[in-house]
Amino acid sequence: MTNNIWWDDLQIHMVEWRRHLHRNPEVSFHEEKTSSFVADMLESFGVEVKRHVGGHGVIGTIRGDQPGPVVMLRADMDALPIQDEKDIEYASRKDGAMHACGHDGHVSILLGTALYFSRNKAAIKGEIRFLFQPAEELLPGGAVHVIADGGLDGVDVIYGIHLWTPLPVGVAASTAGSMMAAADDFYIEITGKGGHGGMPQSTVDSLVAGSALVMQLQTVVSRSVDPLRPAVLTIGTMQAGAAQNVIAESCKMSGTVRTFDEETRSGMKERIHTMVAQTGAAYGAKTDIKYIMGYPPVVNDERETERFFQEAVHVFGSQNVQASPMIMPAEDFAYYLQQIPGCFMFVGAGNPDKGAIYPHHHPKFDFDEDAMQHAVKLFIAMATGYTAEL
């Protein structure tokens, strides 16, 4: 690709960019300064820039000297509403916000990739577009706004990388077909008739009805879903009552549903609605449910996943390229894959020796910055591999 000194210099730049972003996080739909930083950097590389794509999104474009397809590479930019608890020089300076999922690294990786192609246009057939997407962490997700704003117009294939600390640095993984789950949420309110704790016959106990519903909902997966299709239903919150001797009039709960195919997804939604209504009726209580359909499953294109396994071997070595298991976290990259072929890929970023041991979305989350150089090389290999085939 280029000499080792160049890669060493690029790594220094990426670490600098990444730490700047880590100190200055911006949460979903508020990435104004991050967006400006990205656009200004791209323009300094001589890259054509389109700002305000789907909100705070940025698309950079580099055209090669030869005709060919349009390849899009994507990074997400948003931070999370989490207090940074790391005792490091580049810790977040903004109370209640931090990059706890590696998106600061993703931005730096894509900037590094753009810098590489800006200096190696001869390697491009067609054009490479660099999509810096806002609001991956918060519904309805920035991807839907990017698509609605024409962000995918003319694009033939799309690739995304996620730094992944469950994998050690120097390892990469992906899988064809379903890779990450659809994530749907529900909010339930049960309304009974409150009263004296010593006179239950005059009440409708919403807490008892809610407790029964929690147990009933645990049967949705075990008795209403094909056991060969992975699914999860979790009740995450439940609130009812204010005193030990008062029967609660209202009980509220919320939960999440994770699935990998639309048949299971829609079937679970229908079954939950039915169970909520029937359980409430059995206890004489009224029920209300708000069911929010979140991101669809990430479904990688088979041919583009084959390309990952071909190209990643050259970057990581055959012993360090793995088939990823299906995992229950969700990603709005799924919306792009519904529109055009592509592949979402994990690049290992965990390293106990550097403190990169905490899970994503943890207040002490960090990653091994050496992973960024591996990710740049993978992006380059995927993009040039695709254009070389045509």
# chains A, B, ... in the order shown; residues from 1 in each chain; ligands from 1

$ residues_around --residues "A:Arg51" --least-positions-apart "2" --cutoff "9 Å" --atoms "only C-alpha atoms" --output "PyMOL selection string"
chain A and resi 35-36+39+49+53+55-60

$ residues_around --residues "stretch 72-76 of chain A" --least-positions-apart "3" --cutoff "8 Å" --atoms "only C-alpha atoms" --output "ChimeraX atom specification"
/A:103,106-107,110,128-136,155-161,379

$ closest_residue --among "A:Met41, A:Val214, A:Ile124, A:Ala176" --to "A:Lys252" --atoms "only C-alpha atoms"
A:Val214

$ select_by_dssp --residues "stretch 103-291 of chain A" --states "helix (DSSP H, G or I)" --output "PyMOL selection string"
chain A and resi 103-118+121-123+142-148+200-202+206-217+219-224+262-282

$ closest_residue --among "A:Glu311, A:His52, A:Ala148, A:Thr175" --to "A:Ala388" --atoms "only C-alpha atoms"
A:Glu311

$ atom_distance --atom1 "atom CA of A:Met98" --atom2 "atom CA of A:Tyr335"
25.2 Å

$ select_by_dssp --residues "stretch 18-124 of chain A" --states "strand (DSSP E or B)" --output "ChimeraX atom specification"
/A:27,48-53,57-63,66-76,79-80,98

$ residues_around --residues "A:Ala123" --least-positions-apart "4" --cutoff "12 Å" --atoms "only C-alpha atoms" --output "PDB file with N, CA, C and O atoms, in the first residue's frame"
ATOM      1  N   MET A   1       0.821  -1.203   0.000  1.00  0.00           N
ATOM      2  CA  MET A   1       0.000   0.000   0.000  1.00  0.00           C
ATOM      3  C   MET A   1       0.859   1.259   0.000  1.00  0.00           C
ATOM      4  O   MET A   1       0.753   2.119  -0.855  1.00  0.00           O
ATOM      5  N   THR A   2       1.721   1.342   0.995  1.00  0.00           N
ATOM      6  CA  THR A   2       2.658   2.457   1.086  1.00  0.00           C
ATOM      7  C   THR A   2       3.669   2.091   2.166  1.00  0.00           C
ATOM      8  O   THR A   2       3.568   1.049   2.794  1.00  0.00           O
ATOM      9  N   ILE A  62     -14.069  11.095  -3.237  1.00  0.00           N
ATOM     10  CA  ILE A  62     -12.835  11.120  -4.022  1.00  0.00           C
ATOM     11  C   ILE A  62     -13.075  10.312  -5.286  1.00  0.00           C
ATOM     12  O   ILE A  62     -13.479   9.144  -5.220  1.00  0.00           O
ATOM     13  N   ARG A  63     -12.836  10.924  -6.444  1.00  0.00           N
ATOM     14  CA  ARG A  63     -13.024  10.251  -7.729  1.00  0.00           C
ATOM     15  C   ARG A  63     -11.673   9.825  -8.293  1.00  0.00           C
ATOM     16  O   ARG A  63     -10.723  10.607  -8.296  1.00  0.00           O
ATOM     17  N   GLY A  64     -11.623   8.606  -8.751  1.00  0.00           N
ATOM     18  CA  GLY A  64     -10.394   8.101  -9.345  1.00  0.00           C
ATOM     19  C   GLY A  64     -10.229   8.549 -10.782  1.00  0.00           C
ATOM     20  O   GLY A  64     -11.127   9.165 -11.368  1.00  0.00           O
ATOM     21  N   ASP A  65      -9.099   8.220 -11.351  1.00  0.00           N
ATOM     22  CA  ASP A  65      -8.821   8.590 -12.731  1.00  0.00           C
ATOM     23  C   ASP A  65      -9.499   7.652 -13.727  1.00  0.00           C
ATOM     24  O   ASP A  65      -9.595   7.974 -14.907  1.00  0.00           O
ATOM     25  N   GLN A  66      -9.967   6.510 -13.241  1.00  0.00           N
ATOM     26  CA  GLN A  66     -10.602   5.534 -14.106  1.00  0.00           C
ATOM     27  C   GLN A  66     -12.079   5.399 -13.755  1.00  0.00           C
ATOM     28  O   GLN A  66     -12.462   5.563 -12.592  1.00  0.00           O
ATOM     29  N   PRO A  67     -12.927   5.118 -14.745  1.00  0.00           N
ATOM     30  CA  PRO A  67     -14.347   4.934 -14.443  1.00  0.00           C
ATOM     31  C   PRO A  67     -14.562   3.656 -13.638  1.00  0.00           C
ATOM     32  O   PRO A  67     -13.747   2.730 -13.681  1.00  0.00           O
ATOM     33  N   GLY A  68     -15.662   3.615 -12.912  1.00  0.00           N
ATOM     34  CA  GLY A  68     -15.950   2.433 -12.115  1.00  0.00           C
ATOM     35  C   GLY A  68     -17.109   2.678 -11.178  1.00  0.00           C
ATOM     36  O   GLY A  68     -17.828   3.679 -11.285  1.00  0.00           O
ATOM     37  N   TYR A 116      -5.638   8.419   3.042  1.00  0.00           N
ATOM     38  CA  TYR A 116      -4.923   7.463   2.198  1.00  0.00           C
ATOM     39  C   TYR A 116      -5.365   7.593   0.743  1.00  0.00           C
ATOM     40  O   TYR A 116      -4.525   7.718  -0.175  1.00  0.00           O
ATOM     41  N   PHE A 117      -6.671   7.552   0.500  1.00  0.00           N
ATOM     42  CA  PHE A 117      -7.147   7.595  -0.887  1.00  0.00           C
ATOM     43  C   PHE A 117      -6.903   8.961  -1.531  1.00  0.00           C
ATOM     44  O   PHE A 117      -6.736   9.046  -2.753  1.00  0.00           O
ATOM     45  N   SER A 118      -6.891  10.027  -0.718  1.00  0.00           N
ATOM     46  CA  SER A 118      -6.605  11.344  -1.299  1.00  0.00           C
ATOM     47  C   SER A 118      -5.187  11.405  -1.852  1.00  0.00           C
ATOM     48  O   SER A 118      -4.896  12.205  -2.746  1.00  0.00           O
ATOM     49  N   ARG A 119      -4.296  10.548  -1.325  1.00  0.00           N
ATOM     50  CA  ARG A 119      -2.907  10.520  -1.782  1.00  0.00           C
ATOM     51  C   ARG A 119      -2.625   9.343  -2.712  1.00  0.00           C
ATOM     52  O   ARG A 119      -1.481   9.187  -3.172  1.00  0.00           O
ATOM     53  N   GLU A 127     -15.398   5.879  -7.746  1.00  0.00           N
ATOM     54  CA  GLU A 127     -15.251   6.839  -6.659  1.00  0.00           C
ATOM     55  C   GLU A 127     -15.490   6.167  -5.310  1.00  0.00           C
ATOM     56  O   GLU A 127     -16.202   5.165  -5.201  1.00  0.00           O
ATOM     57  N   ILE A 128     -14.855   6.753  -4.307  1.00  0.00           N
ATOM     58  CA  ILE A 128     -15.031   6.331  -2.925  1.00  0.00           C
ATOM     59  C   ILE A 128     -15.748   7.451  -2.192  1.00  0.00           C
ATOM     60  O   ILE A 128     -15.344   8.618  -2.281  1.00  0.00           O
ATOM     61  N   ILE A 380      -9.511  -0.137   3.123  1.00  0.00           N
ATOM     62  CA  ILE A 380      -8.818   0.012   1.842  1.00  0.00           C
ATOM     63  C   ILE A 380      -8.911  -1.276   1.033  1.00  0.00           C
ATOM     64  O   ILE A 380      -9.212  -1.266  -0.168  1.00  0.00           O
ATOM     65  N   ALA A 381      -8.699  -2.398   1.700  1.00  0.00           N
ATOM     66  CA  ALA A 381      -8.740  -3.693   1.009  1.00  0.00           C
ATOM     67  C   ALA A 381     -10.125  -3.993   0.471  1.00  0.00           C
ATOM     68  O   ALA A 381     -10.260  -4.494  -0.647  1.00  0.00           O
ATOM     69  N   ALA A 383     -12.549  -1.798  -0.326  1.00  0.00           N
ATOM     70  CA  ALA A 383     -12.883  -0.878  -1.411  1.00  0.00           C
ATOM     71  C   ALA A 383     -12.142  -1.210  -2.700  1.00  0.00           C
ATOM     72  O   ALA A 383     -12.736  -1.288  -3.772  1.00  0.00           O
ATOM     73  N   THR A 384     -10.832  -1.435  -2.601  1.00  0.00           N
ATOM     74  CA  THR A 384     -10.061  -1.727  -3.810  1.00  0.00           C
ATOM     75  C   THR A 384     -10.360  -3.137  -4.323  1.00  0.00           C
ATOM     76  O   THR A 384     -10.320  -3.376  -5.529  1.00  0.00           O
ATOM     77  N   GLY A 385     -10.667  -4.046  -3.430  1.00  0.00           N
ATOM     78  CA  GLY A 385     -11.049  -5.396  -3.852  1.00  0.00           C
ATOM     79  C   GLY A 385     -12.327  -5.399  -4.672  1.00  0.00           C
ATOM     80  O   GLY A 385     -12.449  -6.115  -5.665  1.00  0.00           O
ATOM     81  N   TYR A 386     -13.284  -4.578  -4.236  1.00  0.00           N
ATOM     82  CA  TYR A 386     -14.550  -4.502  -4.971  1.00  0.00           C
ATOM     83  C   TYR A 386     -14.341  -3.915  -6.355  1.00  0.00           C
ATOM     84  O   TYR A 386     -14.845  -4.452  -7.361  1.00  0.00           O
ATOM     85  N   THR A 387     -13.605  -2.821  -6.448  1.00  0.00           N
ATOM     86  CA  THR A 387     -13.423  -2.164  -7.750  1.00  0.00           C
ATOM     87  C   THR A 387     -12.550  -3.003  -8.678  1.00  0.00           C
ATOM     88  O   THR A 387     -12.747  -2.979  -9.902  1.00  0.00           O
ATOM     89  N   ALA A 388     -11.603  -3.745  -8.126  1.00  0.00           N
ATOM     90  CA  ALA A 388     -10.724  -4.570  -8.971  1.00  0.00           C
ATOM     91  C   ALA A 388     -11.486  -5.710  -9.605  1.00  0.00           C
ATOM     92  O   ALA A 388     -11.098  -6.214 -10.687  1.00  0.00           O
TER      93      ALA A 388
END

$ residues_around --residues "A:Ala281" --least-positions-apart "5" --cutoff "12 Å" --atoms "only C-alpha atoms" --output "list in words"
Ile190, Thr191, Gly192, Val204, Ser206, Ala209, Gly210, Ala212, Leu213, Thr274, Met275, Val276, Lys286, Thr287 and Asp288 of chain A

$ residues_around --residues "A:Asn300" --least-positions-apart "2" --cutoff "9 Å" --atoms "only C-alpha atoms" --output "list of chain:residue names"
A:Ser174, A:Thr175, A:Ala176, A:Gly177, A:Ser178, A:Met179, A:Val298, A:Glu302, A:Arg303, A:Glu304, A:Thr305, A:Ala334, A:Leu337, A:Pro341, A:Gly342, A:Cys343, A:Phe344

$ write_last_selection --atoms "all heavy atoms" --output "short mmCIF file (atom, residue, chain, number, x, y, z; two decimals), in the first residue's frame"
data_model
loop_
_atom_site.label_atom_id
_atom_site.label_comp_id
_atom_site.auth_asym_id
_atom_site.auth_seq_id
_atom_site.Cartn_x
_atom_site.Cartn_y
_atom_site.Cartn_z
N SER A 174 -16.70 -11.33 10.85
CA SER A 174 -17.97 -10.98 10.25
C SER A 174 -18.70 -12.28 9.94
O SER A 174 -18.17 -13.37 10.18
CB SER A 174 -17.78 -10.14 8.98
OG SER A 174 -19.03 -9.62 8.54
N THR A 175 -19.91 -12.17 9.41
CA THR A 175 -20.64 -13.36 9.01
C THR A 175 -21.66 -12.98 7.96
O THR A 175 -22.16 -11.85 7.94
CB THR A 175 -21.34 -14.02 10.22
OG1 THR A 175 -21.78 -15.33 9.87
CG2 THR A 175 -22.54 -13.22 10.69
N ALA A 176 -21.97 -13.91 7.08
CA ALA A 176 -22.98 -13.68 6.05
C ALA A 176 -24.37 -13.83 6.65
O ALA A 176 -24.57 -14.58 7.60
CB ALA A 176 -22.80 -14.66 4.90
N GLY A 177 -25.32 -13.10 6.09
CA GLY A 177 -26.68 -13.17 6.60
C GLY A 177 -26.84 -12.39 7.89
O GLY A 177 -26.14 -11.41 8.15
N SER A 178 -27.76 -12.84 8.73
CA SER A 178 -28.06 -12.12 9.97
C SER A 178 -26.85 -12.13 10.90
O SER A 178 -26.32 -13.19 11.23
CB SER A 178 -29.25 -12.76 10.67
OG SER A 178 -30.42 -12.65 9.89
N MET A 179 -26.46 -10.93 11.34
CA MET A 179 -25.29 -10.79 12.20
C MET A 179 -25.63 -10.10 13.52
O MET A 179 -25.15 -10.49 14.58
CB MET A 179 -24.21 -9.99 11.47
CG MET A 179 -22.95 -9.74 12.28
SD MET A 179 -21.73 -8.90 11.24
CE MET A 179 -20.49 -8.48 12.45
N VAL A 298 -29.19 -6.56 11.22
CA VAL A 298 -28.09 -6.37 10.28
C VAL A 298 -27.92 -7.67 9.50
O VAL A 298 -27.59 -8.71 10.08
CB VAL A 298 -26.79 -6.02 11.02
CG1 VAL A 298 -25.61 -6.02 10.05
CG2 VAL A 298 -26.91 -4.66 11.69
N GLU A 302 -24.14 -11.91 1.11
CA GLU A 302 -23.26 -13.09 1.08
C GLU A 302 -22.00 -12.84 0.26
O GLU A 302 -20.89 -13.21 0.68
CB GLU A 302 -24.02 -14.30 0.53
CG GLU A 302 -25.07 -14.82 1.49
CD GLU A 302 -25.54 -16.22 1.15
OE1 GLU A 302 -24.87 -16.89 0.33
OE2 GLU A 302 -26.55 -16.65 1.71
N ARG A 303 -22.13 -12.24 -0.92
CA ARG A 303 -20.94 -12.02 -1.75
C ARG A 303 -19.98 -11.05 -1.09
O ARG A 303 -18.76 -11.25 -1.13
CB ARG A 303 -21.35 -11.48 -3.14
CG ARG A 303 -20.15 -11.17 -4.03
CD ARG A 303 -19.38 -12.44 -4.42
NE ARG A 303 -18.08 -12.16 -5.00
CZ ARG A 303 -16.93 -12.17 -4.33
NH1 ARG A 303 -16.91 -12.44 -3.02
NH2 ARG A 303 -15.79 -11.93 -4.94
N GLU A 304 -20.50 -10.00 -0.48
CA GLU A 304 -19.61 -9.02 0.15
C GLU A 304 -18.98 -9.57 1.43
O GLU A 304 -17.89 -9.15 1.82
CB GLU A 304 -20.36 -7.72 0.43
CG GLU A 304 -20.82 -7.01 -0.84
CD GLU A 304 -19.72 -6.92 -1.90
OE1 GLU A 304 -18.58 -6.58 -1.54
OE2 GLU A 304 -20.00 -7.21 -3.08
N THR A 305 -19.65 -10.52 2.08
CA THR A 305 -19.03 -11.18 3.22
C THR A 305 -17.93 -12.12 2.76
O THR A 305 -16.87 -12.24 3.42
CB THR A 305 -20.08 -11.94 4.05
OG1 THR A 305 -21.16 -11.06 4.37
CG2 THR A 305 -19.48 -12.46 5.34
N ALA A 334 -28.06 -1.47 9.52
CA ALA A 334 -29.04 -2.40 8.93
C ALA A 334 -29.87 -1.74 7.83
O ALA A 334 -30.21 -2.39 6.83
CB ALA A 334 -29.96 -2.94 10.02
N LEU A 337 -28.11 -1.80 4.50
CA LEU A 337 -28.07 -3.14 3.92
C LEU A 337 -29.42 -3.57 3.37
O LEU A 337 -29.48 -4.51 2.57
CB LEU A 337 -27.57 -4.15 4.96
CG LEU A 337 -26.12 -3.95 5.41
CD1 LEU A 337 -25.77 -4.90 6.55
CD2 LEU A 337 -25.16 -4.15 4.25
N PRO A 341 -26.16 -3.83 -1.45
CA PRO A 341 -25.26 -4.85 -0.88
C PRO A 341 -24.18 -4.21 -0.01
O PRO A 341 -23.79 -3.07 -0.21
CB PRO A 341 -24.65 -5.51 -2.11
CG PRO A 341 -25.53 -5.15 -3.25
CD PRO A 341 -26.12 -3.81 -2.92
N GLY A 342 -23.71 -4.99 0.95
CA GLY A 342 -22.64 -4.49 1.80
C GLY A 342 -22.27 -5.49 2.86
O GLY A 342 -22.79 -6.61 2.91
N CYS A 343 -21.37 -5.06 3.74
CA CYS A 343 -20.89 -5.94 4.81
C CYS A 343 -20.51 -5.10 6.01
O CYS A 343 -19.82 -4.08 5.88
CB CYS A 343 -19.69 -6.76 4.33
SG CYS A 343 -19.12 -7.99 5.53
N PHE A 344 -20.96 -5.53 7.17
CA PHE A 344 -20.59 -4.92 8.44
C PHE A 344 -19.57 -5.83 9.11
O PHE A 344 -19.75 -7.05 9.15
CB PHE A 344 -21.82 -4.74 9.33
CG PHE A 344 -21.61 -3.79 10.47
CD1 PHE A 344 -21.36 -2.45 10.23
CD2 PHE A 344 -21.70 -4.22 11.78
CE1 PHE A 344 -21.17 -1.55 11.28
CE2 PHE A 344 -21.53 -3.33 12.83
CZ PHE A 344 -21.26 -2.00 12.58
#

$ atom_distance --atom1 "atom CA of A:Ile5" --atom2 "atom CA of A:Phe45"
18.7 Å
